[in-house]
Amino acid sequence: MPVAALRPLRHRRFALIWTGSLVSNIGTWMQTVAVGALVTGITGNPIWTAVSFVAAFLPNGILAPIGGALADRLDRRKFAMVGTGVEGAIAAVLAIVVARGTTDPYLITALVFLAGCVGALRMPFQQAMLPDLVPKEDVVGAISLGSAQWNLGRVIGPALAGLVIVAGSFAAAFAANAISFLAVIIAFAFVRVPPPEAADEHPGLLSHMRAGAGTVRRVPALRSAMVLIALTAAFAAPFIALIPAFAALLSKAAGPEALAGATGAMTTAQGVGAVTASLLFPSLVERYGRVRMLGVVLFVTPLALIPYALSPSVAAAVVAIVFVGGAYICVLSGLSAVMQLGAPAAFRGRVLSLYFATLSIVFPLGALVQGAFARAVGLRVANIAGAVVLLAALTALAIFRPQIFRALDDVDDGLNEPAAVDESPLPREAQQVPA
């Protein structure tokens with residue numbers, strides 16, 4: 001039983017936010033699948049498939065460091081609530097635009113990009129709160145539960161998206177996403193967290209951001225995590241953005257609605273693998289150690305991508321992507337835990353924002369490159385090439401720079417201390433919520 005992964009749910013503030021975010025993530029994945037299927041069906045171009053993902057993720061690379069600097073200075077809970085509300089409003093606009101018959105991929109992508117900008121500024125506020133919600137010995141489990149929650153949304157959201165699109169419309173899927181953001185706002189309304197610690201002697205925003213980057217450079221564990229997430233994002237992660245294109249290749253779908261079904265099945269299967277692995281990973285880390293388990297999943301991820309790329313049918317791809325999704329989410333959970341635990345509390349927002357900025361810049365750029373490469377040589381060859389390059393890079397690091405892997409264990413996770421359960425009383429408003 002994945003005890004280590006479930007322990008954080010004993011802490012009531014974490015459980016409230018986790019539940020609200022789960023509802024929102026279901027809506028987000030409904031929209032993700034709907035946008036990918038709609039844009040791919042309209043254009044028939046795998047590059048546009050990747051572009052729709054770039055629009056959502058690239059703002060993180062540009063704006064997340066600003067959000068991280070602000071998260072170390074401002075009220076994290078309040079600004080997380082405001083950002084969530086704005087994202088919901090943008091999703092509502094997207095639903096209205098599509099409902100009125102607009103199928104312009106440029107306009108759809110522009111709205112997705114705007115929502116991505118707001119999310120990039122909001123996410124560091126929310127991520128930096130996590131160590132305030134659980135004790136440090138439960139941080140790995142909390143991050144893995146967060147990954148499980150995100151991917152449980154990936155399991156449920158695409159299935160609902162397929163049903164809603166077939167029975168209703170693409171606009172209905174976007175409207176459902178807009179409503180789902182209310183769950184996060186309600187959860188935050190019942191949670192209180194301490195204000196950010198007095199950060200440092202750098203009062204200006206730019207110097208504040210530079211101080212965060214300097215912290216990453218000085219701490220070996222943080223440097224190593226940044227290198228490894230960049231490699232993984234460049235050569236493994238693009239498979240996510242290209243799922244709709246691969247579904248179209250395998251299913252020979254005739255229209256957007258049929259393509260949505262194939263895309264949903266593959267995305268759901270990836271989520272099943274990710275949820276399962278997220279629940280198992282913390283216990284494996286406790287038993288075998290962070291360095292060993294991260295090393296395993298880093299190498300397993302590209303190895304799992306090869307049979308996925310060779311899948312002859314949607315059914316075969318659904319099975320293969322379960323393993324890809326499981327390995328990939330363990331890489332993200334493990335490296336994110338290193339960043340959470342290795343960052344000084346006063347710099348946590350900035351350190352985490354740089355991590356997510358790296359992921360959010362390298363991933364979409366890698367997706368664009370693989371999308372263009374796929375158009376020239378085929379999607380299967382492009383996926384396999386990315387996996388082979390990642391394997392070669394990891395092997396070279398293991399042979400010539402083994403200290404990069406050893407440094408991942410150089411953080412204090414409190415696993416030798418008894419776990420503490422959060423029994424502090426909730427705010428009065430939270431106590432009035434029915435069980």
# chains A, B, ... in the order shown; residues from 1 in each chain; ligands from 1
>>> closest_atom_pairs(of="range 51-139 of chain A", to="range 29-34 of chain A", cutoff="10 Å", atoms="only C-alpha atoms", output="Markdown table")
| residue | atom | partner | partner_atom | distance |
| --- | --- | --- | --- | --- |
| A:Ser52 | CA | A:Thr32 | CA | 8.9 |
| A:Phe53 | CA | A:Thr32 | CA | 8.4 |
| A:Ala56 | CA | A:Thr32 | CA | 9.2 |
| A:Ala91 | CA | A:Gln31 | CA | 8.5 |
| A:Leu94 | CA | A:Gln31 | CA | 9.8 |
| A:Ala95 | CA | A:Gln31 | CA | 9.7 |
| A:Val112 | CA | A:Thr32 | CA | 9.4 |
>>> residues_around(residues="Leu9 in chain A", least_positions_apart="5", cutoff="12 Å", atoms="only C-alpha atoms", output="MDAnalysis selection string")
chainID A and resid 3:4 14:19 133:135 138:139 141:146 149 421:422
>>> write_last_selection(atoms="C-alpha atoms", output="PDB file, in the first residue's frame")
ATOM      1  CA  VAL A   3       1.409   4.713   2.660  1.00  0.00           C
ATOM      2  CA  ALA A   4       4.002   7.423   2.115  1.00  0.00           C
ATOM      3  CA  PHE A  14      -3.521  20.201   2.219  1.00  0.00           C
ATOM      4  CA  ALA A  15      -6.540  17.911   1.741  1.00  0.00           C
ATOM      5  CA  LEU A  16      -8.843  20.884   1.068  1.00  0.00           C
ATOM      6  CA  ILE A  17      -6.582  22.396  -1.584  1.00  0.00           C
ATOM      7  CA  TRP A  18      -5.842  18.973  -3.087  1.00  0.00           C
ATOM      8  CA  THR A  19      -9.555  18.260  -3.513  1.00  0.00           C
ATOM      9  CA  LEU A 133       0.723  22.739   4.507  1.00  0.00           C
ATOM     10  CA  VAL A 134       2.629  19.559   5.442  1.00  0.00           C
ATOM     11  CA  PRO A 135       5.764  18.758   7.505  1.00  0.00           C
ATOM     12  CA  ASP A 138       5.650  14.458   3.907  1.00  0.00           C
ATOM     13  CA  VAL A 139       6.784  16.852   1.150  1.00  0.00           C
ATOM     14  CA  GLY A 141       4.362  12.397  -0.665  1.00  0.00           C
ATOM     15  CA  ALA A 142       2.538  15.713  -1.073  1.00  0.00           C
ATOM     16  CA  ILE A 143       4.274  16.390  -4.392  1.00  0.00           C
ATOM     17  CA  SER A 144       3.492  12.874  -5.589  1.00  0.00           C
ATOM     18  CA  LEU A 145      -0.123  13.299  -4.498  1.00  0.00           C
ATOM     19  CA  GLY A 146      -0.172  16.552  -6.446  1.00  0.00           C
ATOM     20  CA  GLN A 149      -4.211  14.590  -8.601  1.00  0.00           C
ATOM     21  CA  VAL A 421       0.009  15.153  11.978  1.00  0.00           C
ATOM     22  CA  ASP A 422      -1.455  18.618  11.553  1.00  0.00           C
TER      23      ASP A 422
END
>>> atom_distance(atom1="CA of Asn151 in chain A", atom2="CA of Val275 in chain A")
5.6 Å
>>> closest_residue(among="A:Gly261, A:Gly168, A:Gly326, A:Pro282", to="Leu305 in chain A", atoms="only C-alpha atoms")
A:Gly326
>>> closest_residue(among="A:Gly334, A:Leu280, A:Arg154, A:Pro124", to="Asn60 in chain A", atoms="only C-alpha atoms")
A:Pro124
>>> select_by_dssp(residues="range 181-321 of chain A", states="helix (DSSP H, G or I)", output="PyMOL selection string")
chain A and resi 181-189+205-218+220-235+238-241+243-251+256-288+290-309+314-321
>>> residues_around(residues="range 42-47 of chain A", least_positions_apart="3", cutoff="6 Å", atoms="only C-alpha atoms", output="VMD selection string")
chain A and resid 39 50 245 371
>>> closest_residue(among="A:Ile384, A:Tyr288, A:Thr232, A:Pro238", to="Ala304 in chain A", atoms="only C-alpha atoms")
A:Ile384
>>> residues_around(residues="Thr102 in chain A", least_positions_apart="4", cutoff="12 Å", atoms="only C-alpha atoms", output="list in words")
Leu38, Val39, Ile42, Val93, Leu94, Ala95, Ile96, Val97, Val98, Tyr106, Leu107, Ile108, Phe170 and Ala171 of chain A
>>> residues_around(residues="Arg122 in chain A", least_positions_apart="4", cutoff="9 Å", atoms="only C-alpha atoms", output="list in words")
Ala64, Gly67, Gly68, Ala71, Arg76, Phe79, Ala80, Met81, Val82, Gly83, Thr84, Cys117, Val118, Gln126 and Gln127 of chain A
>>> closest_residue(among="A:Leu228, A:Ala327, A:Ala176, A:Ala262", to="Pro302 in chain A", atoms="only C-alpha atoms")
A:Ala327
>>> closest_residue(among="A:Met226, A:Val164, A:Ala265, A:Ile66", to="Met209 in chain A", atoms="only C-alpha atoms")
A:Ile66
>>> closest_residue(among="A:Ile156, A:Ile399, A:Leu284, A:Ala274", to="Thr28 in chain A", atoms="only C-alpha atoms")
A:Ile156
